[in-house]
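So this one's start_37.cif, mmCIF, C-alpha atoms:
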```
data_model
loop_
_atom_site.label_atom_id
_atom_site.label_comp_id
_atom_site.auth_asym_id
_atom_site.auth_seq_id
_atom_site.Cartn_x
_atom_site.Cartn_y
_atom_site.Cartn_z
CA MET A 1 -5.19 55.42 -153.65
CA ASP A 2 -8.21 55.05 -155.91
CA GLY A 3 -6.52 53.39 -158.84
CA ILE A 4 -7.00 50.81 -161.54
CA HIS A 5 -5.90 48.10 -159.10
CA ASP A 6 -8.90 48.60 -156.78
CA MET A 7 -11.15 46.32 -158.79
CA GLY A 8 -13.80 45.07 -156.35
CA GLY A 9 -17.25 45.50 -157.89
CA LYS A 10 -16.11 47.27 -161.07
CA ARG A 11 -18.14 46.36 -164.13
CA GLY A 12 -17.02 45.86 -167.66
CA PHE A 13 -14.17 43.36 -167.34
CA GLY A 14 -16.20 40.73 -169.14
CA GLN A 15 -15.85 36.97 -169.10
CA LEU A 16 -13.86 34.96 -166.61
CA GLU A 17 -10.80 33.16 -167.80
CA GLU A 18 -11.24 29.42 -168.06
CA PRO A 19 -9.54 27.53 -165.20
CA THR A 20 -6.78 25.34 -166.59
CA ASP A 21 -3.94 23.32 -165.16
CA ALA A 22 -1.41 25.51 -166.92
CA PRO A 23 1.97 25.75 -165.15
CA PRO A 24 2.67 28.96 -163.19
CA PHE A 25 4.83 30.39 -165.96
CA ALA A 26 3.48 30.11 -169.49
CA GLU A 27 6.79 31.26 -170.97
CA PRO A 28 10.35 31.49 -169.60
CA TRP A 29 10.25 35.31 -169.41
CA GLU A 30 7.38 35.08 -166.93
CA GLY A 31 9.48 33.04 -164.53
CA LYS A 32 12.27 35.58 -164.81
CA ALA A 33 9.76 38.40 -164.23
CA PHE A 34 8.55 36.64 -161.10
CA VAL A 35 12.06 36.42 -159.66
CA ILE A 36 12.89 40.06 -160.46
CA GLY A 37 9.74 41.14 -158.62
CA ALA A 38 10.33 38.73 -155.76
CA LEU A 39 13.83 40.16 -155.24
CA ALA A 40 13.03 43.79 -156.06
CA ALA A 41 12.21 44.89 -152.51
CA ARG A 42 15.50 43.48 -151.24
CA ILE A 43 17.45 45.08 -154.11
CA ALA A 44 15.71 48.44 -153.63
CA GLY A 45 15.89 48.36 -149.82
CA THR A 46 12.11 48.61 -149.56
CA ASN A 47 9.32 46.25 -148.52
CA LEU A 48 6.31 44.29 -149.73
CA HIS A 49 3.95 47.23 -149.22
CA ALA A 50 6.11 49.52 -151.32
CA PHE A 51 6.10 46.86 -154.05
CA ARG A 52 2.30 46.67 -153.99
CA HIS A 53 2.15 50.47 -154.12
CA ALA A 54 4.55 50.52 -157.07
CA ILE A 55 2.29 48.09 -158.94
CA GLU A 56 -0.66 50.37 -158.13
CA ARG A 57 1.22 53.22 -159.82
CA VAL A 58 1.71 51.30 -163.06
CA PRO A 59 -0.19 53.31 -165.70
CA PRO A 60 -3.65 51.77 -166.23
CA SER A 61 -3.00 50.92 -169.87
CA GLU A 62 0.08 48.94 -168.84
CA TYR A 63 -1.63 47.48 -165.75
CA LEU A 64 -4.27 45.86 -167.94
CA VAL A 65 -1.76 44.32 -170.36
CA GLY A 66 -1.36 41.45 -167.93
CA TYR A 67 -0.12 40.27 -164.58
CA TRP A 68 3.55 39.72 -165.29
CA ASN A 69 3.75 43.01 -167.19
CA ARG A 70 2.43 45.03 -164.24
CA TRP A 71 4.53 43.00 -161.83
CA THR A 72 7.69 43.78 -163.85
CA ILE A 73 6.91 47.48 -164.29
CA GLY A 74 6.07 47.71 -160.57
CA ALA A 75 9.48 46.24 -159.75
CA GLN A 76 11.09 48.73 -162.11
CA ILE A 77 9.25 51.71 -160.58
CA MET A 78 10.35 50.66 -157.10
CA MET A 79 13.97 50.29 -158.21
CA GLU A 80 13.79 53.68 -159.95
CA ASP A 81 12.51 55.20 -156.70
CA SER A 82 15.56 53.84 -154.85
CA GLY A 83 18.02 55.02 -157.49
CA ILE A 84 18.99 51.50 -158.55
CA ILE A 85 18.12 51.97 -162.22
CA THR A 86 16.48 54.54 -164.48
CA ASP A 87 13.78 54.17 -167.09
CA GLU A 88 16.29 55.54 -169.63
CA GLN A 89 18.66 52.66 -168.83
CA VAL A 90 15.91 50.10 -169.26
CA ARG A 91 14.82 51.57 -172.58
CA ALA A 92 18.38 51.81 -173.84
CA ARG A 93 19.09 48.21 -172.82
CA ALA A 94 15.89 47.01 -174.48
CA ALA A 95 16.94 48.81 -177.66
CA GLN A 96 20.45 47.32 -177.48
CA LEU A 97 19.03 43.83 -176.98
CA SER A 98 16.93 44.45 -180.08
CA GLY A 99 20.09 45.12 -182.07
CA GLN A 100 20.02 48.92 -182.04
CA ASP A 101 23.14 50.94 -181.44
CA VAL A 102 22.18 53.34 -178.66
CA PRO A 103 24.44 55.00 -176.08
CA GLU A 104 24.53 53.79 -172.49
CA PRO A 105 22.73 56.27 -170.16
CA PRO A 106 24.44 57.09 -166.85
CA ALA A 107 23.62 54.96 -163.80
CA PRO A 108 21.74 56.78 -161.03
CA GLU A 109 22.96 57.40 -157.49
CA PRO A 110 21.30 54.89 -155.13
CA HIS A 111 19.17 56.40 -152.37
CA LYS A 112 17.45 53.54 -150.61
CA PRO A 113 14.87 54.42 -147.95
CA GLN A 114 15.95 53.98 -144.35
CA MET A 115 13.06 52.68 -142.28
CA PRO A 116 13.65 50.71 -139.08
CA SER A 117 12.14 47.23 -139.25
CA GLY A 118 10.69 45.26 -136.36
CA GLY A 119 11.95 42.05 -137.93
CA ALA A 120 11.06 39.66 -140.71
CA GLY A 121 7.53 39.39 -142.01
CA ASN A 122 4.59 41.58 -141.11
CA LEU A 123 3.14 40.21 -137.88
CA ARG A 124 3.81 42.51 -134.95
CA SER A 125 2.43 43.39 -131.52
CA ARG A 126 1.05 46.57 -129.99
CA ASP A 127 0.84 47.80 -126.41
CA THR A 128 -2.72 49.04 -126.72
CA PRO A 129 -5.51 46.43 -126.83
CA PRO A 130 -7.82 46.13 -129.85
CA ALA A 131 -10.51 48.82 -129.89
CA PHE A 132 -13.14 46.45 -131.25
CA ALA A 133 -14.35 43.00 -130.22
CA VAL A 134 -15.96 40.15 -132.11
CA GLY A 135 -19.62 41.02 -132.62
CA ASP A 136 -19.09 44.79 -132.66
CA GLU A 137 -20.91 46.77 -135.31
CA VAL A 138 -18.47 49.01 -137.19
CA ARG A 139 -18.53 51.43 -140.06
CA VAL A 140 -15.70 51.87 -142.52
CA ALA A 141 -14.34 55.41 -142.41
CA ASP A 142 -14.67 57.73 -145.39
CA LEU A 143 -10.97 57.59 -146.23
CA ASP A 144 -9.50 58.46 -149.59
CA PRO A 145 -5.73 58.56 -149.15
CA VAL A 146 -3.51 59.62 -152.04
CA GLY A 147 -0.96 56.96 -151.09
CA HIS A 148 -1.09 53.24 -150.45
CA THR A 149 -3.98 51.68 -148.57
CA ARG A 150 -5.46 48.22 -148.13
CA LEU A 151 -8.95 49.60 -147.75
CA PRO A 152 -10.89 48.51 -150.83
CA ARG A 153 -13.06 51.33 -152.13
CA TYR A 154 -16.23 49.21 -152.30
CA VAL A 155 -16.49 48.89 -148.49
CA ARG A 156 -15.82 52.56 -147.76
CA ARG A 157 -18.61 54.08 -145.57
CA ARG A 158 -20.33 50.68 -145.28
CA ALA A 159 -21.45 49.09 -142.01
CA GLY A 160 -20.41 45.58 -141.01
CA THR A 161 -19.73 43.30 -138.08
CA VAL A 162 -16.40 42.23 -136.62
CA THR A 163 -16.20 38.43 -136.93
CA ALA A 164 -12.56 37.83 -135.93
CA ILE A 165 -9.57 39.67 -134.54
CA GLN A 166 -6.67 38.99 -136.89
CA PRO A 167 -3.01 39.24 -135.94
CA CYS A 168 -1.65 42.74 -135.37
CA GLN A 169 0.37 43.70 -138.46
CA VAL A 170 2.65 46.28 -140.01
CA PHE A 171 0.38 49.08 -141.29
CA PRO A 172 0.66 49.07 -145.09
CA ASP A 173 -0.48 52.70 -145.39
CA THR A 174 2.65 53.97 -143.61
CA ALA A 175 5.15 51.19 -144.35
CA ALA A 176 4.69 51.59 -148.11
CA HIS A 177 5.90 55.17 -147.75
CA PHE A 178 8.73 54.34 -145.32
CA VAL A 179 7.34 56.49 -142.50
CA GLY A 180 7.18 53.58 -140.07
CA GLU A 181 5.82 50.09 -139.50
CA ASN A 182 3.22 51.58 -137.16
CA PRO A 183 1.64 48.16 -136.31
CA GLN A 184 -2.15 48.11 -136.16
CA HIS A 185 -4.82 45.75 -134.99
CA CYS A 186 -6.69 44.10 -137.80
CA TYR A 187 -10.20 42.66 -137.98
CA ALA A 188 -12.21 40.41 -140.24
CA VAL A 189 -15.28 42.54 -140.91
CA GLU A 190 -18.31 40.93 -142.49
CA PHE A 191 -20.76 42.80 -144.71
CA ASP A 192 -24.16 41.82 -146.00
CA SER A 193 -24.16 41.98 -149.81
CA ARG A 194 -27.18 44.31 -149.74
CA GLU A 195 -25.25 46.80 -147.61
CA LEU A 196 -22.61 46.86 -150.35
CA TRP A 197 -24.61 46.58 -153.55
CA GLY A 198 -28.20 47.49 -152.73
CA ALA A 199 -31.47 45.67 -152.19
CA ASP A 200 -31.33 43.74 -155.46
CA ALA A 201 -27.91 42.25 -154.78
CA GLU A 202 -27.35 38.50 -154.75
CA PRO A 203 -27.61 37.39 -151.11
CA PHE A 204 -24.20 36.53 -149.66
CA ARG A 205 -21.76 37.47 -146.90
CA LEU A 206 -18.50 39.20 -147.65
CA SER A 207 -15.56 39.38 -145.29
CA VAL A 208 -12.65 41.83 -145.62
CA ASP A 209 -9.64 42.19 -143.31
CA LEU A 210 -9.51 45.82 -142.21
CA PHE A 211 -6.96 47.67 -140.09
CA GLU A 212 -8.17 49.57 -137.04
CA PRO A 213 -7.57 53.08 -138.48
CA TYR A 214 -10.05 52.23 -141.26
CA LEU A 215 -12.89 51.62 -138.78
CA GLU A 216 -15.29 53.61 -136.60
CA PRO A 217 -17.95 52.39 -134.17
CA ALA A 218 -21.21 51.98 -136.14
CA LYS A 219 -23.73 54.06 -134.12
CA MET B 1 8.67 57.31 -164.10
CA THR B 2 7.65 54.87 -166.77
CA SER B 3 5.73 56.57 -169.53
CA PRO B 4 2.50 54.92 -170.56
CA ALA B 5 2.95 56.12 -174.11
CA GLU B 6 5.92 53.95 -174.92
CA HIS B 7 5.06 50.34 -174.33
CA ILE B 8 7.94 47.89 -174.29
CA ASP B 9 7.20 44.25 -174.98
CA PRO B 10 7.09 42.64 -171.50
CA ALA B 11 9.54 39.86 -172.38
CA LEU B 12 12.01 42.42 -173.68
CA ARG B 13 11.61 44.61 -170.59
CA VAL B 14 12.32 41.60 -168.38
CA GLU B 15 15.46 40.81 -170.39
CA ALA B 16 16.61 44.43 -170.14
CA LEU B 17 16.05 44.54 -166.37
CA ALA B 18 17.69 41.17 -165.80
CA SER B 19 20.69 42.25 -167.86
CA LEU B 20 21.08 45.57 -165.98
CA LEU B 21 20.74 43.88 -162.58
CA ALA B 22 23.05 41.00 -163.48
CA GLU B 23 25.92 43.27 -164.50
CA ARG B 24 25.65 44.98 -161.10
CA GLY B 25 25.70 41.61 -159.34
CA LEU B 26 22.16 42.11 -158.04
CA ILE B 27 20.68 39.01 -159.66
CA ASP B 28 22.11 35.92 -161.33
CA GLU B 29 20.98 33.05 -163.50
CA ALA B 30 21.34 30.42 -160.75
CA THR B 31 19.06 32.36 -158.39
CA ILE B 32 16.48 32.80 -161.13
CA GLU B 33 16.57 29.10 -161.97
CA ASN B 34 16.25 28.07 -158.32
CA PHE B 35 13.23 30.30 -157.73
CA VAL B 36 11.50 29.15 -160.89
CA LYS B 37 12.16 25.49 -160.15
CA THR B 38 10.83 25.86 -156.60
CA TYR B 39 7.51 27.30 -157.74
CA GLU B 40 7.22 24.98 -160.73
CA GLN B 41 7.97 21.79 -158.83
CA SER B 42 7.89 22.01 -155.01
CA VAL B 43 5.37 24.67 -154.03
CA GLY B 44 1.91 24.14 -155.47
CA PRO B 45 -1.60 22.84 -154.86
CA MET B 46 -0.29 19.33 -154.18
CA ASN B 47 0.78 20.72 -150.79
CA GLY B 48 -2.68 22.02 -149.95
CA ALA B 49 -4.19 18.75 -151.16
CA LYS B 50 -2.16 16.89 -148.51
CA VAL B 51 -3.48 19.27 -145.85
CA VAL B 52 -7.07 18.68 -146.96
CA ALA B 53 -6.71 14.89 -147.15
CA LYS B 54 -5.21 14.77 -143.68
CA ALA B 55 -8.01 16.96 -142.31
CA TRP B 56 -10.56 14.60 -143.87
CA THR B 57 -9.04 11.50 -142.29
CA ASP B 58 -7.75 12.80 -138.95
CA PRO B 59 -10.38 14.64 -136.83
CA GLU B 60 -7.77 15.97 -134.42
CA TYR B 61 -5.73 17.40 -137.27
CA ARG B 62 -8.87 18.95 -138.74
CA ALA B 63 -9.59 20.63 -135.39
CA ARG B 64 -6.02 21.97 -135.24
CA LEU B 65 -6.24 23.20 -138.85
CA LEU B 66 -9.42 25.15 -138.17
CA ALA B 67 -8.09 26.58 -134.89
CA ASP B 68 -4.58 27.44 -136.11
CA GLY B 69 -4.18 27.01 -139.85
CA THR B 70 -0.58 28.24 -139.99
CA GLY B 71 0.55 25.80 -137.27
CA ALA B 72 -1.30 22.78 -138.65
CA ILE B 73 -0.01 23.47 -142.16
CA ALA B 74 3.54 23.84 -140.85
CA GLU B 75 3.22 20.37 -139.25
CA LEU B 76 3.32 19.02 -142.80
CA GLY B 77 6.36 21.16 -143.59
CA PHE B 78 4.59 23.86 -145.58
CA LYS B 79 5.57 27.44 -144.79
CA GLY B 80 7.29 30.39 -146.42
CA PRO B 81 6.50 33.60 -148.27
CA GLN B 82 2.83 34.62 -148.34
CA GLY B 83 2.05 32.16 -145.57
CA GLU B 84 2.66 34.08 -142.35
CA HIS B 85 -0.88 33.55 -141.13
CA ILE B 86 -3.10 31.09 -142.97
CA VAL B 87 -6.76 30.57 -142.09
CA ALA B 88 -8.58 27.43 -143.26
CA LEU B 89 -12.27 27.97 -144.08
CA GLU B 90 -14.40 24.86 -143.78
CA ASN B 91 -17.14 24.30 -146.34
CA THR B 92 -20.29 22.63 -145.01
CA PRO B 93 -23.58 21.56 -146.59
CA THR B 94 -24.93 25.02 -145.77
CA THR B 95 -21.93 27.36 -146.23
CA HIS B 96 -19.61 27.68 -149.21
CA HIS B 97 -16.44 29.78 -148.86
CA VAL B 98 -14.59 31.38 -151.75
CA VAL B 99 -11.44 33.52 -151.77
CA VAL B 100 -10.46 36.53 -153.87
CA CYS B 101 -8.02 39.46 -153.70
CA THR B 102 -9.60 42.56 -155.20
CA LEU B 103 -6.59 44.86 -154.62
CA CYS B 104 -3.85 42.66 -156.08
CA SER B 105 -3.57 38.87 -156.19
CA CYS B 106 -2.83 37.72 -152.62
CA TYR B 107 -2.81 33.94 -152.44
CA PRO B 108 -1.55 31.34 -149.92
CA TRP B 109 1.68 30.37 -151.70
CA PRO B 110 2.90 27.63 -149.28
CA VAL B 111 -0.22 25.53 -149.82
CA LEU B 112 -1.38 26.52 -153.30
CA GLY B 113 1.72 27.83 -155.06
CA LEU B 114 1.49 30.87 -157.33
CA PRO B 115 -2.01 31.95 -158.33
CA PRO B 116 -3.42 30.77 -161.66
CA SER B 117 -4.09 33.27 -164.42
CA TRP B 118 -7.87 33.49 -163.86
CA TYR B 119 -7.38 34.42 -160.19
CA LYS B 120 -5.27 37.44 -161.20
CA ASP B 121 -7.60 38.46 -163.99
CA PRO B 122 -9.69 41.65 -163.61
CA ALA B 123 -12.94 39.78 -164.35
CA TYR B 124 -12.52 37.48 -161.34
CA ARG B 125 -11.23 40.22 -159.01
CA SER B 126 -14.03 42.64 -159.88
CA ARG B 127 -16.97 40.24 -160.06
CA MET B 128 -16.41 37.78 -157.20
CA VAL B 129 -17.30 40.37 -154.55
CA ARG B 130 -20.42 41.52 -156.40
CA GLU B 131 -22.04 38.44 -157.94
CA PRO B 132 -20.36 35.33 -156.53
CA ARG B 133 -23.20 32.92 -157.23
CA ARG B 134 -23.20 33.91 -160.87
CA VAL B 135 -19.41 33.70 -161.06
CA LEU B 136 -19.42 30.24 -159.50
CA ARG B 137 -22.08 29.12 -161.94
CA GLU B 138 -19.92 30.31 -164.83
CA PHE B 139 -17.10 28.22 -163.36
CA GLY B 140 -19.49 25.25 -163.45
CA LEU B 141 -20.41 25.21 -159.76
CA ASP B 142 -24.18 25.54 -159.47
CA LEU B 143 -24.87 25.81 -155.74
CA ASP B 144 -28.32 25.21 -154.33
CA ASP B 145 -30.05 28.38 -153.18
CA SER B 146 -30.02 26.98 -149.64
CA VAL B 147 -26.22 27.16 -149.56
CA GLU B 148 -24.97 30.46 -148.17
CA ILE B 149 -21.95 31.93 -149.94
CA ALA B 150 -19.18 33.57 -147.88
CA VAL B 151 -16.66 35.56 -149.94
CA HIS B 152 -13.29 36.45 -148.39
CA ASP B 153 -11.33 39.38 -149.82
CA SER B 154 -7.64 38.95 -148.89
CA SER B 155 -6.82 42.54 -148.01
CA SER B 156 -4.31 42.03 -145.15
CA GLU B 157 -1.42 39.59 -144.69
CA VAL B 158 -3.90 36.88 -143.64
CA ARG B 159 -4.14 34.22 -146.32
CA TYR B 160 -7.09 31.89 -146.83
CA MET B 161 -7.52 28.35 -148.08
CA VAL B 162 -10.81 26.51 -148.34
CA LEU B 163 -11.24 23.10 -146.73
CA PRO B 164 -13.68 21.55 -149.20
CA GLU B 165 -16.31 18.96 -148.30
CA ARG B 166 -15.18 15.37 -148.59
CA PRO B 167 -17.04 13.78 -151.48
CA ALA B 168 -19.42 10.88 -150.91
CA GLY B 169 -18.18 7.43 -151.78
CA THR B 170 -14.65 7.98 -150.48
CA GLU B 171 -15.07 6.26 -147.11
CA ASP B 172 -12.51 3.59 -147.98
CA ALA B 173 -10.01 5.86 -149.71
CA THR B 174 -6.54 6.31 -148.25
CA GLU B 175 -5.14 9.73 -147.42
CA GLU B 176 -3.00 9.55 -150.55
CA GLU B 177 -5.95 8.64 -152.76
CA LEU B 178 -7.96 11.47 -151.25
CA ALA B 179 -5.17 13.99 -151.85
CA ALA B 180 -5.22 13.06 -155.53
CA LEU B 181 -8.88 14.13 -155.73
CA VAL B 182 -8.34 17.60 -154.25
CA THR B 183 -7.96 20.39 -156.80
CA ARG B 184 -6.56 23.88 -156.58
CA ASP B 185 -9.91 25.30 -157.66
CA ALA B 186 -11.66 23.55 -154.75
CA MET B 187 -9.15 25.05 -152.29
CA VAL B 188 -9.86 28.56 -153.65
CA GLY B 189 -13.57 27.79 -153.48
CA VAL B 190 -14.58 27.98 -157.14
CA ALA B 191 -15.23 24.23 -157.33
CA ASN B 192 -16.20 21.32 -155.13
CA VAL B 193 -14.21 18.11 -154.94
CA ALA B 194 -15.79 15.57 -157.24
CA ALA B 195 -16.29 11.95 -156.22
CA PRO B 196 -13.83 9.57 -157.87
#
```
Entire entry expressed as structure tokens:
Amino acid sequence: MDGIHDMGGKRGFGQLEEPTDAPPFAEPWEGKAFVIGALAARIAGTNLHAFRHAIERVPPSEYLVGYWNRWTIGAQIMMEDSGIITDEQVRARAAQLSGQDVPEPPAPEPHKPQMPSGGAGNLRSRDTPPAFAVGDEVRVADLDPVGHTRLPRYVRRRAGTVTAIQPCQVFPDTAAHFVGENPQHCYAVEFDSRELWGADAEPFRLSVDLFEPYLEPAK
Amino acid sequence: MTSPAEHIDPALRVEALASLLAERGLIDEATIENFVKTYEQSVGPMNGAKVVAKAWTDPEYRARLLADGTGAIAELGFKGPQGEHIVALENTPTTHHVVVCTLCSCYPWPVLGLPPSWYKDPAYRSRMVREPRRVLREFGLDLDDSVEIAVHDSSSEVRYMVLPERPAGTEDATEEELAALVTRDAMVGVANVAAP
């Protein structure tokens, strides 16, 4: 989906943050947020792709508050989707923890998705051989799915060259919606910066890993 | 669905979620502590630094690392979440690699730990694929125009780490001394390794 998360090439985000040797969690709540997100897919009976898609559905104003905020809300959305908790429960609990006397909302009925899994992790195999080979010229398809995708918008319709065949993997676009792992071949595709950003672009090469359904022969 | 209109303080939301999940037996304090301790103490850029130092001192290991990053990294005992398939990108005098994730914040956890704040920040994610030379300069890395920049956007489950160039003047350094020179930023590609 074209959402706030698809940030490649967007302007207006300003200055970079200064690199520091800060520890991974600036405050204790961030560590707890990390663990809730890390366990959320298991608790909700979902998968990594569904978690990424839940984070993509965090409202933009909340998404931009910060990483651990969007991570936490993404985990909550995914657990809401599986009937583990409701937003009303979270709000009531937050109010109670703040010392307010609010009634306890009812717990939802769990309805976890049931999608067969080919095993742990995301590397899989496929009976059909890869459609493209190293050196092939390809063009990224003009795809604009409403659901999850790992096709960044800034390479859509652009032409590039296959530079490596990556491991065959679970297809995020279907797995995130629990309609099947649907493993796909995956390629490192390299683009010239001028193909992406025009003749005045800084000269550089850019490589993106793209799944076979995202690609067409260049021609 | 969460309403954008009613923002809850993130720390309070986390407490509320943790409390709801704990009373259902879905999460507990010991698990939280273990996870946090692992990523604060055991999984971090010191792991990747060992990989780099070994590659600098052992040509056969370097060849294995470039041919099969995941396998060579596992030889040193580093594997786990977000490390199913790791590719090492070798910097040379003419090519400089740098890694970004424009869609979220994918990062090779087993070798670098959890990503730093700047890597997850919209400014880095949006700009690195459009103006990398300028971004690197703002990070203090002013590459010669003769050096070609190769940006890698981590959009699949493949994870990338950069094998930086070994700095001059380290011919006599031990593997351990070399590892101490290697920084997280150099293994993402936004810095070079400085001579001691």
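Interatomic distance, atom CA of B:Gly48 against atom CA of A:Leu48: 24.0 Å.
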Hey, which bits of chain B sit within 7 Å of chain A, and for each residue what's the closest pair of atoms and how far apart in Å (one decimal), counting all atoms listed in the file, rows by chain and increasing number, as CSV?
```
residue,atom,partner,partner_atom,distance
B:Met1,CA,A:Ile77,CA,6.6
B:Thr2,CA,A:Asp87,CA,6.2
B:Pro4,CA,A:Pro59,CA,5.8
B:Pro10,CA,A:Asn69,CA,5.5
B:Ala11,CA,A:Trp29,CA,5.5
B:Leu12,CA,A:Ala94,CA,6.1
B:Arg13,CA,A:Ala94,CA,6.3
B:Val14,CA,A:Ala33,CA,5.8
B:Ala16,CA,A:Ala94,CA,5.1
B:Leu17,CA,A:Val90,CA,6.3
B:Leu26,CA,A:Ile43,CA,6.8
B:Ile32,CA,A:Val35,CA,5.9
B:Phe35,CA,A:Val35,CA,6.5
B:Val36,CA,A:Gly31,CA,5.7
B:Glu40,CA,A:Pro24,CA,6.5
B:Thr102,CA,A:Gly8,CA,5.0
B:Leu103,CA,A:Asp6,CA,4.9
B:Cys104,CA,A:His5,CA,6.6
B:Leu114,CA,A:Pro24,CA,6.3
B:Pro116,CA,A:Pro24,CA,6.5
B:Trp118,CA,A:Glu17,CA,4.9
B:Lys120,CA,A:Tyr67,CA,6.8
B:Pro122,CA,A:Phe13,CA,6.1
B:Ala123,CA,A:Phe13,CA,4.8
B:Tyr124,CA,A:Leu16,CA,6.0
B:Arg125,CA,A:Gly8,CA,6.1
B:Ser126,CA,A:Gly8,CA,4.3
B:Arg127,CA,A:Gly9,CA,5.7
B:Val129,CA,A:Gly9,CA,6.1
B:Arg130,CA,A:Gly9,CA,5.3
B:Glu131,CA,A:Glu202,CA,6.2
B:Glu148,CA,A:Phe204,CA,6.3
B:Ile149,CA,A:Phe204,CA,5.1
B:Ala150,CA,A:Arg205,CA,4.8
B:Val151,CA,A:Leu206,CA,4.7
B:His152,CA,A:Ser207,CA,4.8
B:Asp153,CA,A:Val208,CA,5.0
B:Ser154,CA,A:Val208,CA,6.6
B:Ser155,CA,A:Asp209,CA,5.5
B:Ser156,CA,A:Asp209,CA,5.6
```
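When atom CA of A:Ala41 is paired with atom CA of B:Pro81, their separation reads 13.3 Å.
Applied to the file shown here, the PyMOL selection byres ((chain A and resi 145) around 9) selects the residues Met1, Asp2, Leu143, Asp144, Val146, Gly147, His148, Thr149 and Asp173 of chain A.
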Practice problem: Give as a ChimeraX atom specification the residues that the PyMOL selection byres ((chain A and resi 139) around 8) matches when applied to the coordinates above. | Solution: /A:137-138,140-141,157-160,215-218
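The result of the PyMOL selection byres ((chain B and resi 92) around 10) on the shown file is Leu89, Glu90, Asn91, Pro93, Thr94, Thr95, His96, His97, Val147, Glu148, Leu163, Pro164, Glu165 and Arg166 of chain B.
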Quiz item: So what do you get for atom CA of B:Val158 versus atom CA of A:Ala131, distance-wise?
Solution: 19.4 Å
Practice problem: Pull the neighbourhood of (3.0, 48.0, -126.0) for me: all residues within 12 Å in file coordinates, counting all atoms listed in the file, as a PyMOL selection string. | Solution: chain A and resi 124-130+168+182-184
Self-check item: B:Asp58, B:Glu157, B:Asp185, B:Glu6 ranked by distance to B:Met46, top pick (using only C-alpha atoms)
Solution: B:Asp185
File for stretch 111-115 of chain B (all heavy atoms), as a PDB file, in the first residue's frame:
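Writing done, so here's selection31.pdb:
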```pdb
ATOM      1  N   VAL B 111      24.456  -9.684  13.680  1.00  0.00           N
ATOM      2  CA  VAL B 111      25.790  -9.071  13.638  1.00  0.00           C
ATOM      3  C   VAL B 111      25.826  -7.622  14.118  1.00  0.00           C
ATOM      4  O   VAL B 111      26.870  -7.140  14.559  1.00  0.00           O
ATOM      5  CB  VAL B 111      26.418  -9.135  12.216  1.00  0.00           C
ATOM      6  CG1 VAL B 111      27.068 -10.481  11.991  1.00  0.00           C
ATOM      7  CG2 VAL B 111      25.403  -8.819  11.134  1.00  0.00           C
ATOM      8  N   LEU B 112      24.720  -6.913  14.031  1.00  0.00           N
ATOM      9  CA  LEU B 112      24.740  -5.495  14.419  1.00  0.00           C
ATOM     10  C   LEU B 112      23.804  -5.152  15.568  1.00  0.00           C
ATOM     11  O   LEU B 112      23.810  -4.029  16.057  1.00  0.00           O
ATOM     12  CB  LEU B 112      24.400  -4.606  13.211  1.00  0.00           C
ATOM     13  CG  LEU B 112      25.404  -4.620  12.055  1.00  0.00           C
ATOM     14  CD1 LEU B 112      25.033  -3.583  11.000  1.00  0.00           C
ATOM     15  CD2 LEU B 112      26.820  -4.363  12.551  1.00  0.00           C
ATOM     16  N   GLY B 113      22.991  -6.097  16.012  1.00  0.00           N
ATOM     17  CA  GLY B 113      22.043  -5.803  17.083  1.00  0.00           C
ATOM     18  C   GLY B 113      20.840  -5.042  16.537  1.00  0.00           C
ATOM     19  O   GLY B 113      20.540  -5.103  15.347  1.00  0.00           O
ATOM     20  N   LEU B 114      20.155  -4.318  17.413  1.00  0.00           N
ATOM     21  CA  LEU B 114      18.993  -3.546  16.971  1.00  0.00           C
ATOM     22  C   LEU B 114      19.469  -2.246  16.329  1.00  0.00           C
ATOM     23  O   LEU B 114      20.498  -1.700  16.714  1.00  0.00           O
ATOM     24  CB  LEU B 114      18.072  -3.254  18.156  1.00  0.00           C
ATOM     25  CG  LEU B 114      17.486  -4.494  18.833  1.00  0.00           C
ATOM     26  CD1 LEU B 114      16.543  -4.080  19.964  1.00  0.00           C
ATOM     27  CD2 LEU B 114      16.751  -5.381  17.842  1.00  0.00           C
ATOM     28  N   PRO B 115      18.730  -1.747  15.344  1.00  0.00           N
ATOM     29  CA  PRO B 115      19.197  -0.551  14.637  1.00  0.00           C
ATOM     30  C   PRO B 115      19.229   0.680  15.536  1.00  0.00           C
ATOM     31  O   PRO B 115      18.372   0.844  16.408  1.00  0.00           O
ATOM     32  CB  PRO B 115      18.171  -0.389  13.509  1.00  0.00           C
ATOM     33  CG  PRO B 115      16.971  -1.154  13.941  1.00  0.00           C
ATOM     34  CD  PRO B 115      17.460  -2.258  14.817  1.00  0.00           C
TER      35      PRO B 115
END
```
